[in-house]
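As provided, input-v3.cif (mmCIF, C-alpha atoms, pLDDT in the B column; chains and numbers go by the auth columns) reads as follows.
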```
data_protein
loop_
_atom_site.group_PDB
_atom_site.id
_atom_site.type_symbol
_atom_site.label_atom_id
_atom_site.label_comp_id
_atom_site.label_asym_id
_atom_site.label_seq_id
_atom_site.Cartn_x
_atom_site.Cartn_y
_atom_site.Cartn_z
_atom_site.B_iso_or_equiv
_atom_site.auth_seq_id
_atom_site.auth_asym_id
ATOM 1 C CA MET A 1 25.657 11.986 7.895 76.00 1 K
ATOM 2 C CA ASN A 2 26.782 15.373 9.140 92.00 2 K
ATOM 3 C CA PRO A 3 27.874 15.182 12.809 93.00 3 K
ATOM 4 C CA GLY A 4 27.408 18.936 13.299 95.00 4 K
ATOM 5 C CA ARG A 5 23.841 18.747 12.037 97.00 5 K
ATOM 6 C CA LEU A 6 23.109 15.781 14.302 95.00 6 K
ATOM 7 C CA LEU A 7 24.451 17.695 17.303 96.00 7 K
ATOM 8 C CA ARG A 8 22.338 20.784 16.464 97.00 8 K
ATOM 9 C CA HIS A 9 19.206 18.641 16.323 98.00 9 K
ATOM 10 C CA LEU A 10 20.071 16.816 19.535 97.00 10 K
ATOM 11 C CA VAL A 11 20.596 20.032 21.509 97.00 11 K
ATOM 12 C CA THR A 12 17.640 22.014 20.120 97.00 12 K
ATOM 13 C CA PRO A 13 14.716 21.366 22.484 97.00 13 K
ATOM 14 C CA ASP A 14 11.044 21.631 21.527 96.00 14 K
ATOM 15 C CA TRP A 15 10.686 24.662 23.799 97.00 15 K
ATOM 16 C CA ALA A 16 13.011 26.574 21.453 97.00 16 K
ATOM 17 C CA VAL A 17 9.927 27.287 19.335 98.00 17 K
ATOM 18 C CA ASN A 18 8.253 29.030 22.298 97.00 18 K
ATOM 19 C CA ARG A 19 11.404 31.044 22.890 97.00 19 K
ATOM 20 C CA VAL A 20 11.575 32.462 19.355 97.00 20 K
ATOM 21 C CA LEU A 21 7.813 32.557 18.752 98.00 21 K
ATOM 22 C CA PRO A 22 6.039 32.955 22.102 98.00 22 K
ATOM 23 C CA ARG A 23 2.263 32.650 22.358 98.00 23 K
ATOM 24 C CA PRO A 24 1.566 36.358 21.554 98.00 24 K
ATOM 25 C CA ALA A 25 3.717 36.088 18.406 98.00 25 K
ATOM 26 C CA MET A 26 1.894 32.924 17.350 98.00 26 K
ATOM 27 C CA GLN A 27 -1.415 34.759 17.863 98.00 27 K
ATOM 28 C CA ARG A 28 -0.246 37.645 15.667 98.00 28 K
ATOM 29 C CA ILE A 29 0.862 35.153 12.998 98.00 29 K
ATOM 30 C CA GLU A 30 -2.602 33.581 13.091 98.00 30 K
ATOM 31 C CA GLU A 31 -4.149 37.038 12.718 98.00 31 K
ATOM 32 C CA ALA A 32 -1.854 37.729 9.743 98.00 32 K
ATOM 33 C CA ILE A 33 -3.026 34.501 8.089 98.00 33 K
ATOM 34 C CA GLU A 34 -6.681 35.395 8.730 96.00 34 K
ATOM 35 C CA ALA A 35 -6.173 38.867 7.243 96.00 35 K
ATOM 36 C CA SER A 36 -4.273 37.504 4.251 96.00 36 K
ATOM 37 C CA GLU A 37 -6.946 34.953 3.423 95.00 37 K
ATOM 38 C CA ARG A 38 -9.524 37.717 3.140 93.00 38 K
ATOM 39 C CA ARG A 39 -7.463 39.020 0.185 93.00 39 K
ATOM 40 C CA HIS A 40 -7.424 35.800 -1.842 95.00 40 K
ATOM 41 C CA GLY A 41 -9.036 32.418 -2.415 93.00 41 K
ATOM 42 C CA GLY A 42 -6.008 30.384 -1.272 95.00 42 K
ATOM 43 C CA GLN A 43 -5.003 28.828 2.018 97.00 43 K
ATOM 44 C CA VAL A 44 -1.851 29.496 4.042 98.00 44 K
ATOM 45 C CA ARG A 45 -0.455 27.291 6.811 98.00 45 K
ATOM 46 C CA VAL A 46 2.593 27.894 8.994 98.00 46 K
ATOM 47 C CA ALA A 47 4.446 25.071 10.736 98.00 47 K
ATOM 48 C CA VAL A 48 7.470 25.428 12.989 98.00 48 K
ATOM 49 C CA GLU A 49 9.633 22.560 14.171 98.00 49 K
ATOM 50 C CA ALA A 50 12.511 22.878 16.607 98.00 50 K
ATOM 51 C CA ALA A 51 14.481 19.836 15.458 98.00 51 K
ATOM 52 C CA LEU A 52 14.181 16.499 13.722 98.00 52 K
ATOM 53 C CA ASP A 53 14.430 13.240 15.580 97.00 53 K
ATOM 54 C CA PRO A 54 17.927 11.670 15.483 96.00 54 K
ATOM 55 C CA TRP A 55 16.848 8.868 13.144 97.00 55 K
ATOM 56 C CA SER A 56 15.665 11.382 10.520 97.00 56 K
ATOM 57 C CA VAL A 57 18.956 13.269 10.768 97.00 57 K
ATOM 58 C CA LEU A 58 20.926 10.020 10.469 96.00 58 K
ATOM 59 C CA ARG A 59 18.914 9.222 7.327 97.00 59 K
ATOM 60 C CA ASP A 60 19.869 12.693 6.001 97.00 60 K
ATOM 61 C CA LEU A 61 16.250 13.821 5.774 98.00 61 K
ATOM 62 C CA SER A 62 16.406 17.326 4.355 97.00 62 K
ATOM 63 C CA ALA A 63 14.307 20.232 5.549 97.00 63 K
ATOM 64 C CA ARG A 64 12.598 20.167 2.148 98.00 64 K
ATOM 65 C CA GLU A 65 11.681 16.493 2.493 98.00 65 K
ATOM 66 C CA ARG A 66 10.390 17.126 6.003 98.00 66 K
ATOM 67 C CA ALA A 67 8.350 20.111 4.791 98.00 67 K
ATOM 68 C CA ILE A 68 6.699 17.886 2.186 98.00 68 K
ATOM 69 C CA ASP A 69 5.864 15.350 4.920 98.00 69 K
ATOM 70 C CA VAL A 70 4.347 18.121 7.058 98.00 70 K
ATOM 71 C CA PHE A 71 2.450 19.497 4.029 98.00 71 K
ATOM 72 C CA SER A 72 0.850 16.081 3.663 98.00 72 K
ATOM 73 C CA ALA A 73 0.238 15.504 7.376 97.00 73 K
ATOM 74 C CA LEU A 74 -1.479 18.888 7.738 98.00 74 K
ATOM 75 C CA ARG A 75 -3.518 18.149 4.597 97.00 75 K
ATOM 76 C CA VAL A 76 -2.517 21.447 2.992 97.00 76 K
ATOM 77 C CA TRP A 77 -3.125 19.707 -0.344 94.00 77 K
ATOM 78 C CA ASP A 78 -6.784 19.179 0.595 92.00 78 K
ATOM 79 C CA THR A 79 -8.287 22.388 -0.811 92.00 79 K
ATOM 80 C CA GLU A 80 -10.888 22.754 -3.522 91.00 80 K
ATOM 81 C CA HIS A 81 -8.595 24.628 -5.914 92.00 81 K
ATOM 82 C CA ASN A 82 -5.312 22.981 -4.884 96.00 82 K
ATOM 83 C CA ASN A 83 -3.998 26.348 -3.750 96.00 83 K
ATOM 84 C CA GLY A 84 -2.710 25.654 -0.259 97.00 84 K
ATOM 85 C CA VAL A 85 0.758 26.878 0.685 98.00 85 K
ATOM 86 C CA LEU A 86 2.859 25.770 3.656 98.00 86 K
ATOM 87 C CA LEU A 87 5.575 27.918 5.213 98.00 87 K
ATOM 88 C CA TYR A 88 7.795 25.530 7.197 98.00 88 K
ATOM 89 C CA LEU A 89 10.546 26.603 9.593 98.00 89 K
ATOM 90 C CA LEU A 90 13.102 24.104 10.899 97.00 90 K
ATOM 91 C CA LEU A 91 14.931 25.925 13.674 96.00 91 K
ATOM 92 C CA ALA A 92 17.862 23.527 14.162 97.00 92 K
ATOM 93 C CA ASP A 93 18.825 23.876 10.485 95.00 93 K
ATOM 94 C CA HIS A 94 17.944 27.596 10.275 92.00 94 K
ATOM 95 C CA ASP A 95 15.941 26.599 7.210 95.00 95 K
ATOM 96 C CA ILE A 96 12.686 27.815 5.695 97.00 96 K
ATOM 97 C CA GLU A 97 10.806 25.881 3.059 98.00 97 K
ATOM 98 C CA ILE A 98 7.695 26.765 1.109 98.00 98 K
ATOM 99 C CA VAL A 99 5.607 23.929 -0.275 98.00 99 K
ATOM 100 C CA ALA A 100 2.859 24.973 -2.672 98.00 100 K
ATOM 101 C CA ASP A 101 0.059 22.744 -3.897 98.00 101 K
ATOM 102 C CA ARG A 102 -0.147 22.067 -7.617 97.00 102 K
ATOM 103 C CA GLY A 103 -2.819 24.697 -8.355 96.00 103 K
ATOM 104 C CA ILE A 104 -0.606 27.592 -7.279 97.00 104 K
ATOM 105 C CA ALA A 105 2.721 25.869 -8.039 97.00 105 K
ATOM 106 C CA ARG A 106 1.771 25.822 -11.741 96.00 106 K
ATOM 107 C CA LYS A 107 1.389 29.593 -11.683 97.00 107 K
ATOM 108 C CA VAL A 108 4.362 30.672 -9.536 97.00 108 K
ATOM 109 C CA PRO A 109 7.883 29.516 -10.443 97.00 109 K
ATOM 110 C CA ASP A 110 10.114 27.935 -7.810 96.00 110 K
ATOM 111 C CA THR A 111 12.495 30.893 -8.050 97.00 111 K
ATOM 112 C CA GLN A 112 9.810 33.176 -6.620 98.00 112 K
ATOM 113 C CA TRP A 113 9.129 30.841 -3.677 98.00 113 K
ATOM 114 C CA GLU A 114 12.889 30.672 -3.080 97.00 114 K
ATOM 115 C CA ALA A 115 13.109 34.479 -3.114 98.00 115 K
ATOM 116 C CA ILE A 116 10.476 34.615 -0.372 98.00 116 K
ATOM 117 C CA CYS A 117 12.484 32.107 1.671 97.00 117 K
ATOM 118 C CA ARG A 118 15.672 34.187 1.267 96.00 118 K
ATOM 119 C CA GLU A 119 13.861 37.337 2.405 95.00 119 K
ATOM 120 C CA MET A 120 12.534 35.488 5.451 96.00 120 K
ATOM 121 C CA GLU A 121 16.011 34.112 6.209 93.00 121 K
ATOM 122 C CA SER A 122 17.491 37.604 6.148 92.00 122 K
ATOM 123 C CA ARG A 123 15.042 38.618 8.889 92.00 123 K
ATOM 124 C CA LEU A 124 15.779 35.448 10.848 91.00 124 K
ATOM 125 C CA LYS A 125 19.477 36.341 10.895 89.00 125 K
ATOM 126 C CA ASN A 126 18.440 39.434 12.866 91.00 126 K
ATOM 127 C CA HIS A 127 16.430 37.171 15.222 91.00 127 K
ATOM 128 C CA ASP A 128 13.177 38.757 14.094 94.00 128 K
ATOM 129 C CA PHE A 129 11.273 35.472 13.827 96.00 129 K
ATOM 130 C CA GLU A 130 7.759 36.864 14.053 97.00 130 K
ATOM 131 C CA GLN A 131 8.341 39.487 11.374 97.00 131 K
ATOM 132 C CA ALA A 132 10.086 36.919 9.170 97.00 132 K
ATOM 133 C CA VAL A 133 7.004 34.712 9.224 98.00 133 K
ATOM 134 C CA ILE A 134 4.611 37.615 8.667 98.00 134 K
ATOM 135 C CA THR A 135 6.763 38.841 5.764 97.00 135 K
ATOM 136 C CA GLY A 136 6.520 35.346 4.262 98.00 136 K
ATOM 137 C CA ILE A 137 2.751 35.246 4.735 98.00 137 K
ATOM 138 C CA ASP A 138 2.395 38.623 3.010 98.00 138 K
ATOM 139 C CA ALA A 139 4.598 37.595 0.077 98.00 139 K
ATOM 140 C CA VAL A 140 2.829 34.262 -0.396 98.00 140 K
ATOM 141 C CA SER A 141 -0.525 36.033 -0.144 97.00 141 K
ATOM 142 C CA ALA A 142 0.449 38.452 -2.911 98.00 142 K
ATOM 143 C CA HIS A 143 0.906 35.484 -5.271 98.00 143 K
ATOM 144 C CA LEU A 144 -2.336 33.884 -4.118 97.00 144 K
ATOM 145 C CA ALA A 145 -4.245 37.167 -4.566 96.00 145 K
ATOM 146 C CA ARG A 146 -2.872 37.540 -8.090 97.00 146 K
ATOM 147 C CA HIS A 147 -3.788 34.010 -9.177 96.00 147 K
ATOM 148 C CA PHE A 148 -6.742 33.220 -6.899 95.00 148 K
ATOM 149 C CA PRO A 149 -8.631 36.452 -6.208 93.00 149 K
ATOM 150 C CA PRO A 150 -11.436 36.201 -3.675 88.00 150 K
ATOM 151 C CA SER A 151 -14.792 35.164 -5.040 82.00 151 K
ATOM 152 C CA GLY A 152 -17.793 35.566 -2.781 74.00 152 K
ATOM 153 C CA ALA A 153 -17.632 34.854 0.918 66.00 153 K
ATOM 154 C CA PRO A 154 -14.203 33.721 2.126 66.00 154 K
ATOM 155 C CA LEU A 155 -13.947 29.961 2.457 79.00 155 K
ATOM 156 C CA ASN A 156 -11.584 28.923 5.217 90.00 156 K
ATOM 157 C CA GLU A 157 -10.691 25.352 4.321 93.00 157 K
ATOM 158 C CA LEU A 158 -7.708 24.982 6.676 95.00 158 K
ATOM 159 C CA PRO A 159 -7.026 26.210 10.214 96.00 159 K
ATOM 160 C CA ASP A 160 -5.257 29.567 10.410 97.00 160 K
ATOM 161 C CA SER A 161 -3.358 28.875 13.615 98.00 161 K
ATOM 162 C CA PRO A 162 0.360 28.157 13.212 98.00 162 K
ATOM 163 C CA VAL A 163 1.396 24.650 14.195 98.00 163 K
ATOM 164 C CA GLN A 164 4.318 23.599 16.321 98.00 164 K
ATOM 165 C CA ILE A 165 5.477 20.179 15.137 97.00 165 K
ATOM 166 C CA ARG A 166 6.784 17.987 17.949 92.00 166 K
#
```

So, in terms of structure tokens, how does the structure I just supplied come out?
Amino acid sequence: MNPGRLLRHLVTPDWAVNRVLPRPAMQRIEEAIEASERRHGGQVRVAVEAALDPWSVLRDLSARERAIDVFSALRVWDTEHNNGVLLYLLLADHDIEIVADRGIARKVPDTQWEAICREMESRLKNHDFEQAVITGIDAVSAHLARHFPPSGAPLNELPDSPVQIR
């Protein structure tokens, strides 16, 4: 267990999400998801969590493991073509994770998802949270458009609104 990590999670309140991504920013992120999904046949979800509960930190739950839990809880895997992608931000750890369902994960190597995360993190260092998320949505959407071009009327299988995990 990392005492510094535990302290960060203990002192990062849920309202920290509203501070870095206020309601208008969340609305613009939702609009970016809506626009992106008109360009491809995939599904994009965004989830932001201020901090993990102390028990999870004591168990050394990683941001990646938590992102996979959130991916499952939000049912991002529940799409017809298995092409849902979750962008997960864990504020207390300053970490971004992308979890892609098996349909798109087979087509895009992990190194490309990691490159998107690094680009987002560079924007986060400048405290440009909204643009970091929108940059991630655009980059993920480029992969989805390449491998799952739109066919017919857009099918919105998952909600477009970003989720704050509490």

| message | One number please: atom CA of Glu157 of chain K to atom CA of Gly84 of chain K, in Å, one decimal. | response | 9.2 Å

| request: List the residues selected by the PyMOL selection byres ((chain K and resi 63-69) around 12) in the file shown, writing them as a ChimeraX atom specification. | output: /K:5,9,45-53,56-57,59-62,70-77,85-101,114,117,165

Residues from last step as file, C-alpha atoms, as a tab-separated table (two decimals), keeping the file's coordinate frame:
```tsv
chain	number	residue	atom	x	y	z
K	5	ARG	CA	23.84	18.75	12.04
K	9	HIS	CA	19.21	18.64	16.32
K	45	ARG	CA	-0.46	27.29	6.81
K	46	VAL	CA	2.59	27.89	8.99
K	47	ALA	CA	4.45	25.07	10.74
K	48	VAL	CA	7.47	25.43	12.99
K	49	GLU	CA	9.63	22.56	14.17
K	50	ALA	CA	12.51	22.88	16.61
K	51	ALA	CA	14.48	19.84	15.46
K	52	LEU	CA	14.18	16.50	13.72
K	53	ASP	CA	14.43	13.24	15.58
K	56	SER	CA	15.66	11.38	10.52
K	57	VAL	CA	18.96	13.27	10.77
K	59	ARG	CA	18.91	9.22	7.33
K	60	ASP	CA	19.87	12.69	6.00
K	61	LEU	CA	16.25	13.82	5.77
K	62	SER	CA	16.41	17.33	4.36
K	70	VAL	CA	4.35	18.12	7.06
K	71	PHE	CA	2.45	19.50	4.03
K	72	SER	CA	0.85	16.08	3.66
K	73	ALA	CA	0.24	15.50	7.38
K	74	LEU	CA	-1.48	18.89	7.74
K	75	ARG	CA	-3.52	18.15	4.60
K	76	VAL	CA	-2.52	21.45	2.99
K	77	TRP	CA	-3.12	19.71	-0.34
K	85	VAL	CA	0.76	26.88	0.68
K	86	LEU	CA	2.86	25.77	3.66
K	87	LEU	CA	5.58	27.92	5.21
K	88	TYR	CA	7.80	25.53	7.20
K	89	LEU	CA	10.55	26.60	9.59
K	90	LEU	CA	13.10	24.10	10.90
K	91	LEU	CA	14.93	25.92	13.67
K	92	ALA	CA	17.86	23.53	14.16
K	93	ASP	CA	18.82	23.88	10.48
K	94	HIS	CA	17.94	27.60	10.28
K	95	ASP	CA	15.94	26.60	7.21
K	96	ILE	CA	12.69	27.82	5.70
K	97	GLU	CA	10.81	25.88	3.06
K	98	ILE	CA	7.70	26.76	1.11
K	99	VAL	CA	5.61	23.93	-0.28
K	100	ALA	CA	2.86	24.97	-2.67
K	101	ASP	CA	0.06	22.74	-3.90
K	114	GLU	CA	12.89	30.67	-3.08
K	117	CYS	CA	12.48	32.11	1.67
K	165	ILE	CA	5.48	20.18	15.14
```

| field | Interatomic distance (Å, one decimal) between atom CA of Leu158 of chain K and atom CA of Lys107 of chain K | value | 21.0 Å

Name the residues that the PyMOL selection byres ((chain K and resi 133) around 10) picks from the file above, as an mmCIF file with C-alpha atoms, keeping the file's coordinate frame, using the file's chain letters and numbers.
```cif
data_model
loop_
_atom_site.group_PDB
_atom_site.id
_atom_site.type_symbol
_atom_site.label_atom_id
_atom_site.label_comp_id
_atom_site.auth_asym_id
_atom_site.auth_seq_id
_atom_site.Cartn_x
_atom_site.Cartn_y
_atom_site.Cartn_z
ATOM 1 C CA LEU K 21 7.813 32.557 18.752
ATOM 2 C CA ALA K 25 3.717 36.088 18.406
ATOM 3 C CA MET K 26 1.894 32.924 17.350
ATOM 4 C CA ILE K 29 0.862 35.153 12.998
ATOM 5 C CA ALA K 32 -1.854 37.729 9.743
ATOM 6 C CA VAL K 46 2.593 27.894 8.994
ATOM 7 C CA LEU K 87 5.575 27.918 5.213
ATOM 8 C CA TYR K 88 7.795 25.530 7.197
ATOM 9 C CA LEU K 89 10.546 26.603 9.593
ATOM 10 C CA ILE K 96 12.686 27.815 5.695
ATOM 11 C CA CYS K 117 12.484 32.107 1.671
ATOM 12 C CA MET K 120 12.534 35.488 5.451
ATOM 13 C CA GLU K 121 16.011 34.112 6.209
ATOM 14 C CA ARG K 123 15.042 38.618 8.889
ATOM 15 C CA LEU K 124 15.779 35.448 10.848
ATOM 16 C CA ASP K 128 13.177 38.757 14.094
ATOM 17 C CA PHE K 129 11.273 35.472 13.827
ATOM 18 C CA GLU K 130 7.759 36.864 14.053
ATOM 19 C CA GLN K 131 8.341 39.487 11.374
ATOM 20 C CA ALA K 132 10.086 36.919 9.170
ATOM 21 C CA ILE K 134 4.611 37.615 8.667
ATOM 22 C CA THR K 135 6.763 38.841 5.764
ATOM 23 C CA GLY K 136 6.520 35.346 4.262
ATOM 24 C CA ILE K 137 2.751 35.246 4.735
ATOM 25 C CA ASP K 138 2.395 38.623 3.010
ATOM 26 C CA ALA K 139 4.598 37.595 0.077
#
```

| Neighbour list for Gly103 of chain K as a list of chain:residue names, cut-off 7 Å, all atoms listed in the file, skip fewer than 2 positions in-chain | K:His81, K:Asn82, K:Asn83, K:Asp101, K:Ala105, K:Arg106

| request: Show which residues sit within 12 Å of Pro24 of chain K, as a PyMOL selection string. Count only C-alpha atoms, and ignore same-chain residues fewer than 5 positions away. | output: chain K and resi 18-19+29-31+130+161-162

| query | Just so the selection is clear, what residues does the PyMOL selection byres ((chain K and resi 37) around 12) cover here, as a ChimeraX atom specification? | reply | /K:30-36,38-45,83-85,137-138,140-145,148-151,153-160

Box for segment 119-129 of chain K: with edges along x, y and z, all listed atoms inside and 8 Å added on each side, what are the centre and edge lengths in Å to one decimal, as lines of an AutoDock Vina configuration file?
```
center_x = 15.4
center_y = 36.8
center_z = 8.8
size_x = 24.2
size_y = 21.3
size_z = 28.8
```

| request: For atom CA of Arg23 of chain K and atom CA of Arg118 of chain K, quote the distance in Å rounded to one decimal. | output: 25.0 Å
